[in-house]
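> Next comes the structure file model_18.tsv, holding TSV, C-alpha atoms.
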```tsv
chain	number	residue	atom	x	y	z
A	1	MET	CA	0.00	0.00	0.00
A	2	LYS	CA	2.98	2.30	0.62
A	3	PHE	CA	3.89	1.88	-3.06
A	4	VAL	CA	0.39	2.73	-4.29
A	5	ALA	CA	0.09	5.72	-1.97
A	6	ALA	CA	3.42	7.10	-3.10
A	7	ILE	CA	2.46	6.74	-6.75
A	8	ALA	CA	-0.87	8.47	-6.16
A	9	LEU	CA	0.86	11.40	-4.46
A	10	ALA	CA	3.50	11.61	-7.18
A	11	LEU	CA	0.88	11.85	-9.91
A	12	ALA	CA	-1.67	13.98	-8.10
A	13	ALA	CA	-0.38	17.21	-9.60
A	14	THR	CA	-0.51	15.76	-13.10
A	15	ALA	CA	-4.03	14.45	-12.53
A	16	SER	CA	-5.26	17.93	-11.68
A	17	ALA	CA	-4.11	19.12	-15.08
A	18	PHE	CA	-6.47	16.66	-16.75
A	19	ALA	CA	-9.56	17.43	-14.69
A	20	PRO	CA	-12.62	17.50	-17.00
A	21	SER	CA	-14.82	20.55	-17.27
A	22	LYS	CA	-17.90	20.55	-15.05
A	23	ASP	CA	-19.83	22.86	-17.38
A	24	ALA	CA	-23.04	20.91	-17.94
A	25	SER	CA	-24.28	23.49	-20.44
A	26	ALA	CA	-21.77	22.43	-23.09
A	27	ARG	CA	-23.81	20.40	-25.56
A	28	ALA	CA	-21.31	19.41	-28.23
A	29	SER	CA	-21.22	15.61	-28.53
A	30	VAL	CA	-18.01	13.67	-27.92
A	31	ALA	CA	-19.39	10.59	-29.67
A	32	VAL	CA	-18.14	11.63	-33.12
A	33	GLN	CA	-15.60	14.38	-33.78
A	34	GLU	CA	-15.03	15.03	-37.47
A	35	THR	CA	-13.45	18.48	-37.75
A	36	VAL	CA	-10.78	20.60	-36.10
A	37	ALA	CA	-13.56	22.78	-34.69
A	38	ASP	CA	-15.00	19.74	-32.91
A	39	LEU	CA	-11.56	18.94	-31.49
A	40	GLU	CA	-11.26	22.48	-30.15
A	41	VAL	CA	-14.60	22.12	-28.33
A	42	LEU	CA	-13.60	18.72	-26.96
A	43	ALA	CA	-10.20	20.03	-25.80
A	44	LYS	CA	-11.79	22.81	-23.74
A	45	LYS	CA	-14.11	20.33	-22.09
A	46	LEU	CA	-11.26	17.95	-21.31
A	47	ASN	CA	-8.88	20.60	-20.01
A	48	PRO	CA	-10.18	24.18	-19.80
A	49	VAL	CA	-6.77	25.43	-18.69
A	50	ILE	CA	-4.70	24.20	-21.66
A	51	GLY	CA	-7.46	23.90	-24.22
A	52	PHE	CA	-6.61	22.87	-27.77
A	53	TYR	CA	-2.92	21.97	-28.09
A	54	ASP	CA	-1.54	20.57	-31.33
A	55	PRO	CA	2.12	21.64	-31.69
A	56	ILE	CA	2.88	19.40	-34.69
A	57	ASN	CA	-0.43	20.14	-36.46
A	58	LEU	CA	-1.64	16.55	-36.61
A	59	SER	CA	-5.24	17.75	-36.71
A	60	ALA	CA	-4.65	19.09	-40.23
A	61	ALA	CA	-3.11	15.86	-41.55
A	62	GLU	CA	-4.57	13.49	-44.14
A	63	PHE	CA	-3.11	10.03	-43.49
A	64	TRP	CA	-2.80	7.47	-46.32
A	65	GLY	CA	-4.54	9.74	-48.81
A	66	THR	CA	-7.76	9.87	-46.78
A	67	SER	CA	-9.68	12.97	-45.78
A	68	ASN	CA	-8.89	15.16	-42.79
A	69	GLU	CA	-12.09	13.95	-41.11
A	70	SER	CA	-11.00	10.32	-41.46
A	71	THR	CA	-7.56	11.14	-40.06
A	72	ILE	CA	-9.10	12.87	-37.05
A	73	GLY	CA	-11.24	9.77	-36.49
A	74	PHE	CA	-8.09	7.63	-36.59
A	75	LEU	CA	-6.23	9.87	-34.13
A	76	ARG	CA	-9.18	10.05	-31.73
A	77	HIS	CA	-9.61	6.29	-31.78
A	78	ALA	CA	-5.88	5.71	-31.32
A	79	GLU	CA	-5.75	7.96	-28.26
A	80	ILE	CA	-8.77	6.32	-26.62
A	81	LYS	CA	-7.47	2.80	-27.33
A	82	HIS	CA	-3.96	3.53	-26.09
A	83	GLY	CA	-5.43	5.17	-23.00
A	84	ARG	CA	-7.46	2.05	-22.22
A	85	VAL	CA	-4.41	-0.18	-22.61
A	86	ALA	CA	-2.39	2.16	-20.40
A	87	MET	CA	-5.04	2.06	-17.67
A	88	PHE	CA	-4.87	-1.74	-17.65
A	89	ALA	CA	-1.08	-1.57	-17.61
A	90	PHE	CA	-0.92	0.98	-14.79
A	91	VAL	CA	-3.30	-0.94	-12.53
A	92	GLY	CA	-1.59	-4.24	-13.41
A	93	TYR	CA	1.83	-2.82	-12.61
A	94	CYS	CA	0.64	-1.61	-9.18
A	95	ALA	CA	-1.10	-4.92	-8.45
A	96	HIS	CA	1.91	-7.09	-9.36
A	97	ALA	CA	4.36	-4.79	-7.58
A	98	ASN	CA	2.34	-5.36	-4.42
A	99	GLY	CA	2.31	-9.14	-4.81
A	100	PHE	CA	-1.29	-9.64	-5.93
A	101	LYS	CA	-1.85	-12.77	-8.03
A	102	PHE	CA	-4.50	-15.40	-8.68
A	103	PRO	CA	-4.39	-18.31	-6.20
A	104	TRP	CA	-5.07	-21.04	-8.78
A	105	ALA	CA	-2.67	-22.62	-11.26
A	106	MET	CA	-1.65	-20.55	-14.28
A	107	GLN	CA	-1.17	-23.51	-16.64
A	108	LEU	CA	-2.71	-26.96	-17.08
A	109	ASP	CA	0.47	-28.62	-15.86
A	110	GLY	CA	-0.04	-26.97	-12.47
A	111	THR	CA	2.48	-24.16	-12.90
A	112	PRO	CA	1.41	-21.38	-10.51
A	113	PHE	CA	1.34	-17.69	-11.25
A	114	PRO	CA	4.80	-16.18	-10.61
A	115	SER	CA	5.44	-14.58	-7.22
A	116	GLU	CA	7.82	-12.00	-8.68
A	117	THR	CA	6.98	-8.43	-7.62
A	118	ASN	CA	8.99	-6.65	-10.32
A	119	PRO	CA	6.39	-6.52	-13.14
A	120	PRO	CA	8.79	-6.58	-16.14
A	121	VAL	CA	10.72	-9.48	-14.60
A	122	LEU	CA	7.42	-11.22	-13.89
A	123	TRP	CA	6.52	-11.03	-17.58
A	124	ASP	CA	9.89	-12.55	-18.49
A	125	THR	CA	9.19	-15.54	-16.21
A	126	ILE	CA	5.95	-16.44	-18.01
A	127	SER	CA	6.27	-19.25	-20.56
A	128	ASP	CA	6.22	-18.42	-24.27
A	129	SER	CA	3.06	-20.50	-24.74
A	130	ALA	CA	1.25	-18.33	-22.19
A	131	LYS	CA	2.53	-15.18	-23.89
A	132	TRP	CA	1.30	-16.40	-27.28
A	133	GLN	CA	-2.16	-17.00	-25.80
A	134	ILE	CA	-2.26	-13.48	-24.38
A	135	LEU	CA	-1.07	-11.92	-27.63
A	136	SER	CA	-3.52	-14.03	-29.66
A	137	VAL	CA	-6.46	-12.73	-27.64
A	138	ILE	CA	-5.20	-9.18	-28.12
A	139	ALA	CA	-4.85	-9.79	-31.87
A	140	PHE	CA	-8.42	-11.07	-32.07
A	141	LEU	CA	-9.78	-8.06	-30.19
A	142	GLU	CA	-7.82	-5.77	-32.50
A	143	PHE	CA	-9.23	-7.55	-35.55
A	144	TRP	CA	-12.79	-7.40	-34.22
A	145	SER	CA	-12.50	-3.70	-33.34
A	146	GLU	CA	-11.65	-2.90	-36.96
A	147	LEU	CA	-14.82	-4.46	-38.40
A	148	SER	CA	-17.22	-2.26	-40.29
A	149	THR	CA	-20.76	-3.56	-40.65
A	150	SER	CA	-24.25	-2.21	-41.21
A	151	ASP	CA	-24.58	-1.92	-37.42
A	152	HIS	CA	-21.10	-0.56	-36.75
A	153	LYS	CA	-19.39	2.13	-38.81
A	154	HIS	CA	-15.60	2.25	-38.84
A	155	TYR	CA	-14.14	5.14	-36.87
A	156	MET	CA	-12.52	6.52	-40.05
A	157	SER	CA	-15.87	6.44	-41.89
A	158	GLY	CA	-18.10	8.38	-39.54
A	159	GLY	CA	-18.23	5.87	-36.69
A	160	LYS	CA	-17.62	6.64	-33.04
A	161	PRO	CA	-13.95	6.75	-32.02
A	162	GLY	CA	-13.36	4.24	-29.24
A	163	ASP	CA	-16.55	2.29	-29.93
A	164	PHE	CA	-16.05	-1.48	-29.78
A	165	PRO	CA	-18.53	-3.54	-31.85
A	166	ASP	CA	-20.72	-6.07	-30.08
A	167	PHE	CA	-19.93	-9.76	-30.37
A	168	THR	CA	-22.50	-11.11	-32.80
A	169	SER	CA	-23.22	-14.79	-33.40
A	170	GLY	CA	-24.44	-16.56	-36.50
A	171	SER	CA	-23.52	-16.57	-40.18
A	172	GLU	CA	-22.25	-12.97	-40.10
A	173	GLY	CA	-20.45	-13.21	-36.78
A	174	ILE	CA	-18.79	-15.61	-34.36
A	175	PRO	CA	-19.89	-19.21	-35.09
A	176	HIS	CA	-20.94	-19.89	-31.50
A	177	PRO	CA	-22.92	-18.07	-28.78
A	178	VAL	CA	-21.11	-15.25	-26.96
A	179	PRO	CA	-22.99	-14.40	-23.74
A	180	PHE	CA	-21.19	-11.14	-22.95
A	181	ASN	CA	-20.02	-8.19	-25.00
A	182	PHE	CA	-16.61	-6.62	-24.46
A	183	TYR	CA	-18.19	-3.26	-23.63
A	184	ASP	CA	-20.73	-3.15	-20.80
A	185	PRO	CA	-21.19	-6.95	-20.54
A	186	PHE	CA	-23.71	-6.64	-17.68
A	187	LYS	CA	-25.67	-3.72	-19.20
A	188	PHE	CA	-24.91	-1.36	-16.33
A	189	SER	CA	-24.79	1.59	-18.73
A	190	ALA	CA	-28.09	0.85	-20.46
A	191	LYS	CA	-30.09	3.22	-18.24
A	192	ARG	CA	-27.52	6.02	-18.01
A	193	SER	CA	-28.53	9.37	-19.45
A	194	GLU	CA	-26.79	10.78	-22.52
A	195	GLU	CA	-25.25	13.49	-20.33
A	196	ALA	CA	-23.80	10.87	-17.99
A	197	LYS	CA	-22.42	8.87	-20.91
A	198	GLU	CA	-20.85	11.99	-22.41
A	199	ARG	CA	-19.16	12.88	-19.13
A	200	GLY	CA	-17.99	9.27	-18.80
A	201	LEU	CA	-16.24	9.52	-22.17
A	202	LEU	CA	-14.47	12.70	-21.09
A	203	VAL	CA	-13.34	11.10	-17.85
A	204	GLU	CA	-12.10	8.04	-19.74
A	205	ILE	CA	-9.95	10.16	-22.07
A	206	ASN	CA	-8.44	12.11	-19.17
A	207	ASN	CA	-7.78	8.97	-17.15
A	208	GLY	CA	-6.22	7.34	-20.21
A	209	ARG	CA	-3.90	10.29	-20.74
A	210	LEU	CA	-2.80	10.19	-17.12
A	211	ALA	CA	-2.32	6.41	-17.27
A	212	MET	CA	-0.09	6.73	-20.35
A	213	LEU	CA	2.12	9.17	-18.44
A	214	GLY	CA	2.04	6.91	-15.40
A	215	ILE	CA	3.02	3.63	-17.04
A	216	PHE	CA	5.82	5.26	-19.01
A	217	GLY	CA	7.00	6.84	-15.78
A	218	PHE	CA	7.23	3.36	-14.23
A	219	VAL	CA	9.06	1.93	-17.25
A	220	SER	CA	11.46	4.86	-17.49
A	221	GLU	CA	12.37	4.74	-13.81
A	222	SER	CA	12.87	0.97	-13.93
A	223	LYS	CA	15.40	1.32	-16.76
A	224	VAL	CA	17.08	4.62	-15.82
A	225	GLU	CA	17.04	5.12	-12.08
A	226	GLY	CA	16.39	8.73	-11.17
A	227	SER	CA	14.85	9.61	-14.53
A	228	VAL	CA	11.54	10.20	-12.75
A	229	PRO	CA	12.51	11.94	-9.49
A	230	ALA	CA	9.10	11.41	-7.87
A	231	LEU	CA	9.50	7.62	-8.27
A	232	LYS	CA	13.12	7.35	-7.16
A	233	GLY	CA	13.55	4.41	-4.79
A	234	LEU	CA	10.02	3.14	-5.37
A	235	ILE	CA	10.45	1.24	-8.65
A	236	SER	CA	12.58	-1.91	-8.89
A	237	HIS	CA	15.37	-1.81	-11.48
A	238	TYR	CA	14.97	-3.90	-14.64
A	239	ASP	CA	17.92	-5.03	-16.77
A	240	GLY	CA	15.90	-6.54	-19.61
A	241	GLU	CA	14.38	-5.02	-22.74
A	242	VAL	CA	10.99	-3.49	-21.91
A	243	MET	CA	9.91	-3.34	-25.56
A	244	ALA	CA	10.61	-7.02	-26.31
A	245	PRO	CA	7.67	-9.35	-25.52
A	246	PHE	CA	9.83	-12.49	-25.77
A	247	ASN	CA	13.17	-13.34	-24.21
A	248	GLU	CA	14.44	-14.32	-27.66
A	249	ASN	CA	14.29	-12.29	-30.85
A	250	ILE	CA	11.53	-14.26	-32.61
A	251	LEU	CA	11.71	-12.34	-35.88
A	252	GLY	CA	15.50	-12.27	-35.91
A	253	MET	CA	16.07	-15.98	-35.21
A	254	PRO	CA	16.15	-17.00	-38.93
A	255	PHE	CA	18.86	-14.38	-39.43
A	256	ASN	CA	20.88	-15.38	-36.32
A	257	MET	CA	20.05	-12.06	-34.68
```
Take the structure in this file and express it as structure tokens.

Amino acid sequence: MKFVAAIALALAATASAFAPSKDASARASVAVQETVADLEVLAKKLNPVIGFYDPINLSAAEFWGTSNESTIGFLRHAEIKHGRVAMFAFVGYCAHANGFKFPWAMQLDGTPFPSETNPPVLWDTISDSAKWQILSVIAFLEFWSELSTSDHKHYMSGGKPGDFPDFTSGSEGIPHPVPFNFYDPFKFSAKRSEEAKERGLLVEINNGRLAMLGIFGFVSESKVEGSVPALKGLISHYDGEVMAPFNENILGMPFNM
């Protein structure tokens, strides 16, 4: 708990910078943002102090020969998705650093979950077969999120950035029943008002931004001690390669790399 408390205090100042606006009178939707003007409205709602900030002018770009609106949809979706991953990573890092793990076996052969409390080292101790399973699930979710159907427009074609399509069964979907969707599996959000949903999206973006800063702070301090002064002495050192998912260079093996 000392670790978690220290991290919360270290990031408290940063969190305040991402506090969402409480102005309930702002009516612009955050469901779909298609123009720079929409981004400027969204930015003021997310952070009224900084507002719209685009130093490298990405909001005017047209990626891969598409329109500016499609590019904005791509950038919005990318930020939301990376923020969600970072939130998982941040919470997971804190949980593993404090020794939390499932009590049952990790693999069918009875191998338990590692007791290592240095999260990057813990990942290195997991078998390659377990890593492939994790990465395969992630690959499937990535594939499914890119689908464009009559019920789900792609985020670069007028769809909602960050929206994850429901799991559908049958001839046009998964060939077996799927009882729960990835988003809101227990339908807790079904009765929420549109205003509450809109505010929830703003909070999610802000939390995702903070989590991205947080997890990279952990990783940076673990590799270069003292690089994040607020975390000095709190993060265990890691000698491995944080950007390599496997202990061996899978792609380089045929080339003796």
> One number please: CA of His96 (chain A) to CA of Leu122 (chain A), in Å, one decimal.
8.2 Å
> So, with all atoms listed in the file as the atoms that count, which of A:Ala244, A:Leu231, A:Ile250, A:Met212 lies closest to Arg84 (chain A)?
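Among the listed residues, A:Met212 lies closest to Arg84 (chain A).
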> Would you pick out the contacts of Ser115 (chain A) at 10 Å or less, using all atoms listed in the file, so that residues sharing its chain but fewer than 3 positions from it are not included, and give the list as a ChimeraX atom specification?
/A:96-97,99-101,112,118,122,125
> Write the residues you've just listed into a file as a PDB file, in the coordinates of the input, and include C-alpha atoms for each of them.

```
ATOM      1  CA  HIS A  96       1.910  -7.090  -9.360  1.00  0.00           C
ATOM      2  CA  ALA A  97       4.360  -4.790  -7.580  1.00  0.00           C
ATOM      3  CA  GLY A  99       2.310  -9.140  -4.810  1.00  0.00           C
ATOM      4  CA  PHE A 100      -1.290  -9.640  -5.930  1.00  0.00           C
ATOM      5  CA  LYS A 101      -1.850 -12.770  -8.030  1.00  0.00           C
ATOM      6  CA  PRO A 112       1.410 -21.380 -10.510  1.00  0.00           C
ATOM      7  CA  ASN A 118       8.990  -6.650 -10.320  1.00  0.00           C
ATOM      8  CA  LEU A 122       7.420 -11.220 -13.890  1.00  0.00           C
ATOM      9  CA  THR A 125       9.190 -15.540 -16.210  1.00  0.00           C
TER      10      THR A 125
END
```
> What separation in Å, quoted to one decimal, exists between CA of Gly158 (chain A) and CA of Ile138 (chain A)?
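Between these atoms lies a distance of 24.6 Å.
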> How many Å separate CA of Val49 (chain A) from CA of Gly217 (chain A)?
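Between CA of Val49 (chain A) and CA of Gly217 (chain A) the gap is 23.3 Å.
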> Determine the nearest neighbour of Thr35 (chain A) from the options A:Leu75, A:Met87, A:Leu234, A:Val178, counting all atoms listed in the file.
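Between A:Leu75, A:Met87, A:Leu234, A:Val178, the residue approaching Thr35 (chain A) most closely is A:Leu75.
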> Counting all atoms listed in the file, find the residues whose atoms lie at most 9 Å from (-14.6, 1.1, -47.4) (file coordinates) and write them out as a list in words.
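Nearby residues: Ser148, His154 and Ser157 of chain A.
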> Counting only C-alpha atoms, which residues come within 12 Å of (10.3, 1.2, -9.6), with the point read in the file's coordinates, and could you list them as a PyMOL selection string?
chain A and resi 3-4+6-7+93-94+96-98+117-121+214-238
> Of the candidates A:Trp144, A:Pro114, A:Ile50, A:Trp132, which one gets nearest to Ile174 (chain A) if we count all atoms listed in the file?
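Among the listed residues, A:Trp144 lies closest to Ile174 (chain A).
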> Would you list the contacts of Ser127 (chain A) as a PyMOL selection string, taking every protein, DNA or RNA residue within 10 Å and counting only C-alpha atoms, but skipping same-chain residues closer than 3 positions in sequence?
chain A and resi 107+111+123-124+130-132+246-247
> Compare A:Ala139, A:Met156, A:Phe164, A:Met106 by their minimum atom-to-atom distance to Glu62 (chain A), counting all atoms listed in the file, and give me the closest one.
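Among A:Ala139, A:Met156, A:Phe164, A:Met106, it is A:Met156 that comes nearest to Glu62 (chain A).
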> Given all atoms listed in the file as the basis, pick out the residue of A:Glu142, A:Ser189, A:Ile72, A:Leu58 nearest to Val85 (chain A).
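Checking each candidate against Val85 (chain A), we get A:Glu142 as the closest.
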